[in-house]
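So this block is protein_1.cif, mmCIF, C-alpha atoms:
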```cif
data_input
#
loop_
_atom_site.label_atom_id
_atom_site.label_comp_id
_atom_site.auth_asym_id
_atom_site.auth_seq_id
_atom_site.Cartn_x
_atom_site.Cartn_y
_atom_site.Cartn_z
CA MET A 1 74.15 33.94 162.77
CA SER A 2 74.95 35.76 159.68
CA PRO A 3 72.43 37.04 157.24
CA ASN A 4 73.53 34.49 154.70
CA ASN A 5 72.71 31.70 157.05
CA GLU A 6 69.38 33.16 157.77
CA ASN A 7 68.55 33.14 154.15
CA VAL A 8 69.58 29.48 153.81
CA ILE A 9 67.58 28.09 156.62
CA PRO A 10 64.08 28.89 155.22
CA ILE A 11 64.93 27.34 151.93
CA VAL A 12 66.18 24.20 153.53
CA GLY A 13 63.04 24.02 155.55
CA LYS A 14 60.88 23.90 152.35
CA SER A 15 62.94 21.28 150.43
CA PRO A 16 60.81 18.19 151.22
CA GLU A 17 57.73 19.57 149.47
CA LEU A 18 59.73 20.64 146.48
CA ASN A 19 61.33 17.23 146.23
CA LYS A 20 57.93 15.55 146.46
CA LEU A 21 56.57 17.73 143.69
CA GLY A 22 59.49 16.98 141.40
CA GLY A 23 59.26 13.19 141.92
CA GLY A 24 55.54 13.06 141.01
CA THR A 25 56.05 14.87 137.75
CA HIS A 26 58.75 12.41 136.72
CA SER A 27 56.52 9.45 137.57
CA PHE A 28 53.59 10.79 135.50
CA LYS A 29 55.80 11.24 132.48
CA GLN A 30 56.98 7.66 132.75
CA TRP A 31 53.43 6.43 133.04
CA LEU A 32 52.36 8.51 130.05
CA ILE A 33 55.24 7.21 127.96
CA ALA A 34 54.47 3.65 129.00
CA SER A 35 50.80 4.08 128.17
CA ILE A 36 51.60 5.48 124.74
CA ALA A 37 54.01 2.66 124.10
CA LEU A 38 51.44 0.14 125.21
CA VAL A 39 48.81 1.68 122.93
CA VAL A 40 51.24 1.63 120.05
CA VAL A 41 52.12 -1.99 120.68
CA VAL A 42 48.47 -2.97 121.00
CA ALA A 43 47.67 -1.04 117.82
CA LEU A 44 50.48 -2.80 115.97
CA VAL A 45 49.36 -6.17 117.24
CA VAL A 46 45.73 -5.54 116.37
CA SER A 47 46.72 -4.19 112.95
CA GLY A 48 48.82 -7.26 112.22
CA ILE A 49 46.11 -9.64 113.33
CA TRP A 50 43.46 -7.77 111.29
CA SER A 51 45.61 -7.77 108.18
CA ARG A 52 46.16 -11.51 108.53
CA VAL A 53 42.43 -12.07 109.06
CA ARG A 54 41.68 -10.05 105.95
CA ALA A 55 44.32 -11.92 103.97
CA ASN A 56 42.91 -15.27 105.11
CA GLY A 57 39.39 -14.19 104.17
CA LYS A 58 40.55 -12.99 100.78
CA LEU A 59 42.43 -16.24 100.23
CA ARG A 60 39.39 -18.28 101.14
CA ALA A 61 37.24 -16.22 98.78
CA GLU A 62 39.74 -16.60 95.94
CA THR A 63 40.03 -20.32 96.63
CA SER A 64 36.27 -20.72 96.54
CA GLN A 65 36.10 -18.71 93.33
CA VAL A 66 38.78 -20.81 91.68
CA ALA A 67 37.06 -24.02 92.81
CA ILE A 68 33.89 -23.14 90.77
CA THR A 69 34.02 -24.83 87.31
CA ALA A 70 33.96 -22.44 84.37
CA VAL A 71 31.62 -23.55 81.55
CA SER A 72 30.41 -22.35 78.17
CA VAL A 73 26.72 -22.65 77.40
CA VAL A 74 24.53 -22.63 74.31
CA SER A 75 20.82 -21.97 73.91
CA PRO A 76 18.71 -24.57 72.05
CA GLN A 77 17.80 -23.50 68.54
CA ARG A 78 14.19 -24.14 67.61
CA THR A 79 13.75 -26.03 64.34
CA THR A 80 11.94 -24.46 61.41
CA PRO A 81 8.31 -25.49 60.71
CA VAL A 82 9.43 -27.01 57.40
CA GLN A 83 12.54 -29.14 57.38
CA GLU A 84 14.45 -30.25 54.30
CA ILE A 85 15.66 -33.82 54.20
CA ILE A 86 17.96 -35.31 51.56
CA LEU A 87 17.45 -38.95 50.60
CA PRO A 88 18.87 -41.24 47.89
CA GLY A 89 16.60 -42.09 44.98
CA ASN A 90 16.64 -44.50 42.04
CA VAL A 91 15.60 -43.04 38.67
CA GLU A 92 13.57 -45.55 36.67
CA PRO A 93 11.57 -45.29 33.43
CA PHE A 94 7.83 -44.91 33.65
CA ILE A 95 7.43 -48.13 31.62
CA THR A 96 10.12 -50.71 31.04
CA SER A 97 9.70 -54.13 29.48
CA PRO A 98 11.84 -57.05 28.33
CA ILE A 99 10.77 -58.32 24.90
CA TYR A 100 10.48 -62.11 24.59
CA SER A 101 9.54 -64.38 21.73
CA ARG A 102 6.30 -66.35 21.72
CA THR A 103 7.64 -68.96 19.34
CA ASN A 104 10.71 -71.13 18.95
CA GLY A 105 13.18 -70.69 16.11
CA TYR A 106 16.28 -68.88 14.95
CA LEU A 107 16.75 -65.13 14.70
CA GLU A 108 16.70 -64.28 11.02
CA LYS A 109 17.21 -60.50 11.27
CA TRP A 110 17.08 -57.60 13.73
CA PHE A 111 16.34 -53.98 12.78
CA VAL A 112 17.09 -51.85 15.87
CA ASP A 113 20.03 -51.57 18.27
CA ILE A 114 20.60 -49.97 21.66
CA GLY A 115 19.76 -46.28 21.85
CA ALA A 116 17.21 -46.46 19.03
CA TYR A 117 13.92 -44.67 19.60
CA VAL A 118 11.04 -46.82 18.38
CA LYS A 119 7.32 -46.31 17.91
CA LYS A 120 4.56 -48.61 19.01
CA GLY A 121 4.11 -51.41 16.43
CA GLN A 122 7.52 -50.88 14.82
CA LEU A 123 9.20 -54.09 13.59
CA LEU A 124 12.17 -55.02 15.75
CA ALA A 125 13.23 -58.48 14.52
CA VAL A 126 12.18 -61.50 12.48
CA ILE A 127 12.44 -65.11 13.69
CA GLU A 128 12.70 -68.07 11.31
CA THR A 129 10.36 -70.90 12.43
CA PRO A 130 10.51 -73.80 9.92
CA GLU A 131 8.74 -76.21 12.26
CA ILE A 132 5.78 -73.89 12.68
CA ASP A 133 5.64 -73.34 8.93
CA GLN A 134 5.52 -77.10 8.27
CA GLN A 135 2.89 -77.65 10.94
CA LEU A 136 0.79 -74.89 9.44
CA GLU A 137 0.96 -76.46 5.97
CA GLN A 138 -0.07 -79.82 7.43
CA SER A 139 -2.96 -78.23 9.27
CA LEU A 140 -4.12 -76.49 6.12
CA SER A 141 -4.11 -79.85 4.30
CA ASN A 142 -6.10 -81.44 7.09
CA LEU A 143 -8.56 -78.57 6.94
CA ASN A 144 -9.03 -79.01 3.20
CA THR A 145 -9.59 -82.76 3.68
CA ALA A 146 -12.14 -82.10 6.37
CA LYS A 147 -13.93 -79.59 4.18
CA ALA A 148 -14.06 -82.14 1.30
CA ASN A 149 -15.52 -84.79 3.59
CA LEU A 150 -18.02 -82.24 4.90
CA ALA A 151 -19.10 -81.40 1.37
CA LEU A 152 -19.63 -85.11 0.52
CA ALA A 153 -21.53 -85.64 3.77
CA GLU A 154 -23.74 -82.66 2.99
CA ILE A 155 -24.61 -84.06 -0.45
CA THR A 156 -25.40 -87.46 1.03
CA LYS A 157 -27.53 -85.90 3.75
CA ASN A 158 -29.53 -83.80 1.29
CA ARG A 159 -30.03 -86.79 -1.00
CA TYR A 160 -31.28 -89.08 1.73
CA GLU A 161 -33.61 -86.39 3.04
CA GLY A 162 -35.14 -86.09 -0.46
CA LEU A 163 -35.57 -89.86 -0.84
CA LEU A 164 -37.18 -90.04 2.58
CA LYS A 165 -40.13 -88.02 1.30
CA SER A 166 -40.99 -90.78 -1.20
CA HIS A 167 -40.18 -93.49 1.35
CA ALA A 168 -37.38 -94.75 -0.84
CA VAL A 169 -34.97 -95.01 2.08
CA ALA A 170 -35.38 -95.88 5.67
CA GLN A 171 -35.33 -93.29 8.43
CA GLN A 172 -32.25 -94.97 9.87
CA ASP A 173 -30.27 -94.26 6.71
CA VAL A 174 -31.28 -90.59 6.84
CA ASP A 175 -30.22 -90.32 10.48
CA ASN A 176 -26.84 -91.88 9.64
CA ALA A 177 -26.29 -89.37 6.84
CA VAL A 178 -27.20 -86.44 9.11
CA GLY A 179 -24.85 -87.70 11.85
CA THR A 180 -21.99 -88.10 9.38
CA TYR A 181 -22.56 -84.55 8.17
CA ASN A 182 -22.50 -83.13 11.71
CA ALA A 183 -19.33 -85.07 12.57
CA ASN A 184 -17.55 -83.79 9.46
CA GLN A 185 -18.69 -80.25 10.27
CA ALA A 186 -17.12 -80.52 13.74
CA THR A 187 -13.92 -81.91 12.18
CA VAL A 188 -13.75 -78.87 9.87
CA GLU A 189 -14.18 -76.51 12.80
CA ALA A 190 -11.42 -78.28 14.79
CA ALA A 191 -9.07 -78.23 11.81
CA GLY A 192 -9.81 -74.56 11.28
CA ALA A 193 -9.03 -73.77 14.94
CA ASN A 194 -5.74 -75.63 14.66
CA VAL A 195 -4.85 -73.63 11.58
CA LYS A 196 -5.62 -70.36 13.36
CA GLN A 197 -3.44 -71.39 16.31
CA LEU A 198 -0.49 -72.14 14.04
CA GLN A 199 -1.08 -68.92 12.11
CA ALA A 200 -0.96 -67.01 15.42
CA LEU A 201 2.32 -68.71 16.29
CA GLN A 202 3.64 -67.93 12.84
CA SER A 203 2.70 -64.27 13.33
CA PHE A 204 5.02 -64.22 16.35
CA GLU A 205 7.91 -64.66 13.93
CA LYS A 206 7.86 -60.86 13.77
CA ILE A 207 8.71 -58.94 16.97
CA TYR A 208 7.04 -55.52 17.30
CA ALA A 209 7.55 -52.71 19.80
CA PRO A 210 4.75 -52.72 22.41
CA PHE A 211 5.01 -48.96 23.11
CA ASP A 212 6.97 -45.84 22.22
CA GLY A 213 10.37 -45.87 23.86
CA VAL A 214 14.09 -46.37 23.55
CA VAL A 215 15.91 -49.68 23.16
CA THR A 216 18.17 -50.04 26.20
CA ALA A 217 19.45 -53.57 25.50
CA ARG A 218 19.77 -56.05 22.63
CA ASN A 219 20.55 -59.55 23.84
CA THR A 220 20.45 -61.51 20.59
CA ASP A 221 22.02 -61.67 17.15
CA ILE A 222 21.43 -63.31 13.79
CA GLY A 223 21.38 -67.11 14.02
CA ASP A 224 20.72 -67.29 17.76
CA LEU A 225 18.40 -70.03 18.97
CA ILE A 226 15.24 -68.43 20.32
CA ASN A 227 13.22 -70.19 23.01
CA SER A 228 9.61 -69.32 23.62
CA GLY A 229 9.06 -67.19 26.70
CA SER A 230 6.05 -69.35 27.63
CA ASN A 231 7.81 -72.70 27.87
CA GLY A 232 9.74 -74.08 30.82
CA GLY A 233 13.17 -73.74 29.22
CA VAL A 234 15.68 -70.93 29.37
CA LYS A 235 14.04 -67.66 28.40
CA THR A 236 15.76 -65.35 25.98
CA ASP A 237 14.83 -61.68 26.26
CA LEU A 238 15.60 -60.26 22.85
CA PHE A 239 15.34 -56.55 23.68
CA HIS A 240 14.71 -54.19 26.57
CA ILE A 241 12.60 -51.12 25.87
CA ALA A 242 12.09 -48.20 28.27
CA GLN A 243 9.81 -45.19 28.09
CA PRO A 244 11.89 -42.22 29.36
CA GLY A 245 9.40 -39.41 28.71
CA VAL A 246 8.28 -39.57 32.33
CA LEU A 247 10.55 -41.00 34.99
CA ARG A 248 9.68 -42.66 38.27
CA VAL A 249 11.96 -41.95 41.24
CA TYR A 250 11.55 -44.35 44.15
CA VAL A 251 12.64 -43.10 47.58
CA ASN A 252 12.64 -44.82 50.98
CA VAL A 253 11.62 -42.26 53.60
CA PRO A 254 12.58 -43.02 57.24
CA GLU A 255 9.64 -43.81 59.50
CA GLU A 256 10.14 -40.68 61.62
CA TYR A 257 9.37 -38.51 58.56
CA SER A 258 6.56 -40.69 57.16
CA GLN A 259 3.79 -38.44 58.51
CA GLY A 260 5.31 -35.40 56.83
CA VAL A 261 5.21 -36.69 53.25
CA LYS A 262 1.94 -36.17 51.41
CA VAL A 263 0.78 -36.94 47.88
CA GLY A 264 1.01 -33.80 45.75
CA MET A 265 4.06 -32.25 47.42
CA THR A 266 7.01 -31.29 45.22
CA ALA A 267 10.56 -32.56 45.37
CA ASP A 268 13.87 -31.44 43.86
CA LEU A 269 16.30 -33.87 42.29
CA VAL A 270 20.05 -33.23 42.23
CA LEU A 271 22.31 -35.40 40.07
CA ALA A 272 26.09 -35.44 40.08
CA GLU A 273 26.25 -35.13 36.29
CA PHE A 274 24.29 -31.85 36.41
CA PRO A 275 26.08 -29.69 39.03
CA GLY A 276 24.15 -26.62 40.12
CA ARG A 277 20.96 -27.79 38.43
CA ASN A 278 17.73 -29.04 40.01
CA PHE A 279 14.97 -31.12 38.43
CA GLN A 280 11.52 -30.79 39.95
CA GLY A 281 9.21 -33.72 40.48
CA LYS A 282 5.89 -34.45 42.13
CA LEU A 283 5.06 -37.06 44.75
CA VAL A 284 2.26 -39.11 43.14
CA ARG A 285 1.86 -42.11 45.47
CA THR A 286 3.14 -43.84 48.58
CA ALA A 287 3.09 -47.46 49.69
CA ASP A 288 0.93 -46.49 52.71
CA ALA A 289 2.85 -49.06 54.74
CA ILE A 290 6.15 -49.15 56.61
CA ASN A 291 8.62 -51.77 55.41
CA VAL A 292 9.31 -53.96 58.45
CA SER A 293 12.86 -54.73 57.27
CA THR A 294 14.06 -51.17 56.66
CA ARG A 295 11.49 -49.20 58.72
CA THR A 296 10.96 -46.89 55.76
CA LEU A 297 8.03 -45.71 53.64
CA LEU A 298 8.38 -46.23 49.89
CA ILE A 299 7.25 -43.22 47.84
CA GLU A 300 7.15 -42.53 44.09
CA ILE A 301 8.05 -39.19 42.54
CA ASP A 302 7.30 -38.57 38.86
CA VAL A 303 9.59 -36.30 36.84
CA ASN A 304 8.84 -35.07 33.33
CA ASN A 305 11.71 -35.82 30.96
CA PRO A 306 10.47 -34.92 27.45
CA ALA A 307 13.93 -34.31 26.01
CA GLY A 308 15.45 -37.41 27.58
CA THR A 309 17.91 -35.33 29.59
CA LEU A 310 17.84 -37.66 32.57
CA LEU A 311 18.98 -41.23 32.01
CA THR A 312 17.13 -44.16 33.48
CA GLY A 313 18.97 -46.02 36.19
CA SER A 314 20.64 -42.86 37.52
CA TYR A 315 21.26 -42.11 41.18
CA ALA A 316 19.73 -38.89 42.48
CA GLU A 317 19.62 -36.93 45.71
CA VAL A 318 16.00 -36.16 46.47
CA HIS A 319 15.34 -32.99 48.48
CA LEU A 320 12.02 -33.11 50.33
CA LYS A 321 10.59 -30.35 52.52
CA VAL A 322 8.54 -32.01 55.23
CA ALA A 323 6.74 -30.53 58.20
CA SER A 324 8.84 -30.96 61.35
CA GLN A 325 7.48 -32.03 64.72
CA ALA A 326 6.32 -29.31 67.12
CA SER A 327 8.61 -28.06 69.90
CA THR A 328 11.80 -29.61 68.62
CA PHE A 329 15.25 -28.09 69.07
CA LEU A 330 18.73 -28.37 67.60
CA LEU A 331 21.80 -28.82 69.78
CA PRO A 332 25.49 -29.34 69.00
CA VAL A 333 26.50 -32.96 69.45
CA ASN A 334 29.25 -31.94 71.89
CA THR A 335 26.59 -31.10 74.50
CA LEU A 336 25.42 -34.69 74.90
CA ILE A 337 26.22 -36.83 77.94
CA PHE A 338 26.12 -40.61 77.48
CA ARG A 339 25.50 -42.44 80.75
CA SER A 340 23.64 -45.46 82.04
CA GLU A 341 20.66 -43.21 82.85
CA GLY A 342 20.27 -42.52 79.14
CA LEU A 343 21.07 -39.58 76.91
CA GLN A 344 21.38 -36.39 78.97
CA VAL A 345 22.50 -32.78 78.75
CA GLY A 346 23.70 -30.45 81.49
CA THR A 347 21.81 -27.19 81.98
CA VAL A 348 22.71 -24.26 84.23
CA LYS A 349 20.04 -23.01 86.64
CA ASP A 350 20.87 -20.38 89.30
CA GLY A 351 24.57 -21.12 89.03
CA SER A 352 24.14 -24.89 89.54
CA VAL A 353 24.14 -27.85 87.17
CA ALA A 354 20.91 -29.73 86.42
CA LEU A 355 21.23 -32.95 84.39
CA THR A 356 18.25 -33.36 82.05
CA THR A 357 17.27 -36.51 80.15
CA VAL A 358 16.44 -35.75 76.50
CA THR A 359 14.91 -37.66 73.58
CA PRO A 360 16.93 -37.43 70.36
CA GLY A 361 15.46 -37.06 66.89
CA HIS A 362 17.30 -36.87 63.59
CA ASP A 363 21.10 -36.76 63.59
CA PHE A 364 22.49 -34.05 61.29
CA GLY A 365 26.15 -34.81 61.93
CA ASP A 366 27.41 -31.80 63.89
CA GLN A 367 23.93 -31.13 65.29
CA ILE A 368 21.18 -33.34 66.66
CA GLU A 369 17.45 -32.83 66.93
CA ILE A 370 15.95 -32.98 70.44
CA VAL A 371 12.25 -33.80 70.42
CA ALA A 372 11.64 -33.85 74.18
CA GLY A 373 13.29 -32.72 77.42
CA LEU A 374 14.36 -29.13 76.59
CA LYS A 375 12.94 -25.64 76.82
CA SER A 376 13.81 -22.66 74.67
CA ASN A 377 15.31 -20.71 77.62
CA ASP A 378 17.59 -23.53 78.84
CA GLN A 379 21.33 -22.89 78.98
CA VAL A 380 23.03 -26.12 77.87
CA ILE A 381 26.67 -26.76 78.80
CA ILE A 382 29.10 -27.30 75.93
CA ASN A 383 31.70 -30.07 76.32
CA PRO A 384 30.58 -31.04 79.84
CA PRO A 385 33.28 -32.83 81.91
CA ASP A 386 32.80 -36.51 82.68
CA SER A 387 32.67 -35.77 86.42
CA ILE A 388 29.80 -33.29 86.21
CA VAL A 389 26.90 -33.96 88.59
CA SER A 390 23.61 -32.32 89.41
CA GLY A 391 23.89 -29.47 91.94
CA GLN A 392 27.51 -28.72 91.10
CA LYS A 393 28.34 -24.99 91.17
CA VAL A 394 29.51 -23.59 87.83
CA GLN A 395 30.35 -20.22 86.37
CA ILE A 396 29.26 -19.24 82.85
CA VAL A 397 32.18 -17.71 80.98
CA GLN A 398 30.80 -17.79 77.45
CA SER A 399 27.36 -18.04 75.87
CA THR A 400 27.21 -18.96 72.18
CA LEU A 401 24.77 -19.90 69.45
CA PRO A 402 24.58 -23.48 68.13
CA GLY A 403 26.22 -22.53 64.85
CA ASP A 404 29.22 -20.95 66.63
CA THR A 405 30.30 -23.94 68.70
CA LYS A 406 32.55 -25.63 66.15
#
```

Please express the file's structure as C-alpha cells.
Amino acid sequence: MSPNNENVIPIVGKSPELNKLGGGTHSFKQWLIASIALVVVVALVVSGIWSRVRANGKLRAETSQVAITAVSVVSPQRTTPVQEIILPGNVEPFITSPIYSRTNGYLEKWFVDIGAYVKKGQLLAVIETPEIDQQLEQSLSNLNTAKANLALAEITKNRYEGLLKSHAVAQQDVDNAVGTYNANQATVEAAGANVKQLQALQSFEKIYAPFDGVVTARNTDIGDLINSGSNGGVKTDLFHIAQPGVLRVYVNVPEEYSQGVKVGMTADLVLAEFPGRNFQGKLVRTADAINVSTRTLLIEIDVNNPAGTLLTGSYAEVHLKVASQASTFLLPVNTLIFRSEGLQVGTVKDGSVALTTVTPGHDFGDQIEIVAGLKSNDQVIINPPDSIVSGQKVQIVQSTLPGDTK
C-alpha cells in the first residue's frame, strides 16, 4: 500500500461524523429562517388586524360624534326693575260742553265761530222768541189786574174792619172782605211767579259761555229753528266749547301691569305731529276697577297745555315706566316650543336636553317675557328642532346673548 493510500484511508474513516455535522448546521439555518418568516408573517397579520381595529374604533367614535346634535344656546336676560310700556291714549279737554238753548225760537244772530277763544259770560248768540215775549206781556197784564183787585179788596177790608168797631156791619161781612183780600193777594203772588218764569225763559234768548275756552263747533246759523234742550223733541246743540288749558289723556292699561301704575307717577306723551318731542303728564286718578270687557284699567293723565300746543282729540303714545315683576326674564321668541304639554323651552344640562315648561308674560315682538320656569344660569336652545326630546345628547357650538340672536 502506497503512502498516498495510507493518507486516504484515515480521512475516509472520519467522513460519517463530518457529514453529520454538516447536515445539522443546514437544518438549523432552515429552522431559523422559517422561524423568522413565521414571526414576520405573524407580525404582519397582527399589525393588519390592529390597524383595522383602530380604524373601526375611530370610525365608531366619529360616527357617535356626528350623531350628536349641534345646538346654539342663549342665556335668559333678566328684566330691569322698571319697565317702560307704550300704550295708546286719547287726548281730551279738561272740560268740554255742548251748548243748548233753554227756550224755543229762531236764531237771530251769532257772535263767535269755531276757533274763537271766549271768556266766561261772553255773549255767543241771540234767539228770537216771539211766543215767549207775547206770553210775558199777557202775564204782566194779568199781574196788573190782580194787583188792582188786591188794592180794591184791601180798601174794602179796611173799611169793613172800621165799621165793625161801631157795629155798623155784621161780622160775616168783615170776614168776607178779609177772605176776598187774602184770595186776591194769592192771585197777585201767582201772577208774579208766572211773570218771573216767563222772564227767565226770555233771558235764555241770549246764549252765554259757561266757562273760558275755545269754540270747537258751531252747529247753527241765522234763521235756524231752535228747540229747547229740555223738551222731548230733537235737541239742537248750538256750540261746543272746550277748555284746552289742561288736557286729560285716558289710557287703558292691561291687567298684568295694573299693579305697577300708581297715582302721582309721571308719563311721557309722544305725538306724530311733534317728532322728537315729549310732553310730560301726571297720573292723577285711576278707575280702581278692571273693565270686564277689555281686561284693562282706565287711568287719567293730566297734561298742562297753557299755550294750546296740543289739540284736543289727538292720538298720543303714552310711555309709562312701571315696576316689573320679580324674577322675570327675556327670551327670543325662536326659543319657544309649542306642544300639547304647553309652552316649553329646551335647556342644556350636562350635555343633555331638558324640556322645561315656562309661563309667558308680555310679548315684545322679537322677545317674550318669561315670568316662571327659568333660572338665570339656564342655557336655552335657539331654534330647537321639532324632534327634540328630553335626555337627547347635544353639543353646544355657539352661545349668544338674547340681543344677538336675530

Selection: 6 Å around A:Thr328, all atoms listed in the file, excl. self and same-chain fewer than 3 positions, as number ranges by chain = A: 79, 370-371

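A straight line drawn from atom CA of A:Phe274 to atom CA of A:Asp212 is 26.4 Å long.
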
Inset, instruction - Specify as a VMD selection string each residue included when the PyMOL selection byres ((chain A and resi 245-259) around 8) is applied to this file. - result: chain A and resid 87 to 94 243 to 244 260 to 262 290 295 to 308 312 318 322

TODO: Show which residues sit within 12 Å of stretch 199-209 of chain A, as a ChimeraX atom specification. Count all atoms listed in the file, and ignore same-chain residues fewer than 6 positions away.
DONE: /A:96-112,116-140,192-193,215,226-230,237-243

Rounded to one decimal, what separation in Å do you get between atom CA of A:Tyr181 and atom CA of A:Ile155?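 Calculated distance between atom CA of A:Tyr181 and atom CA of A:Ile155 is 8.9 Å.
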
**Prompt:** If you apply the PyMOL selection byres ((chain A and resi 378) around 10) to this file, what residues do you get, as a PyMOL selection string?
**Reply:** chain A and resi 73-76+346-349+374-377+379-381

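The closest residue to A:Val82, picked from A:Val284, A:Val174, A:Leu320, A:Ser51 and counting all atoms listed in the file, is A:Leu320.
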
re atom CA of A:Leu283 and atom CA of A:Pro81: distance 20.0 Å

Of A:Leu163, A:Asn182, A:Gly115, A:Ala323, the one sitting nearest A:Thr216 when using all atoms listed in the file is A:Gly115

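The closest residue to A:Thr145, picked from A:Ala177, A:Ala170, A:Leu331, A:Val188 and counting only C-alpha atoms, is A:Val188.
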
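Distances to A:Glu317 were evaluated for A:Lys393, A:Arg339, A:Gly264, A:Ile85 using only C-alpha atoms, and the minimum falls at A:Ile85.
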
Name all residues at most 8 Å from A:Asn383 (count all atoms listed in the file; drop same-chain ones fewer than 5 positions away) and give them as a ChimeraX atom specification.
/A:334-336

Of A:Ala191, A:Ser166, A:Asn278, A:Glu154, the one sitting nearest A:Val178 when using only C-alpha atoms is A:Glu154
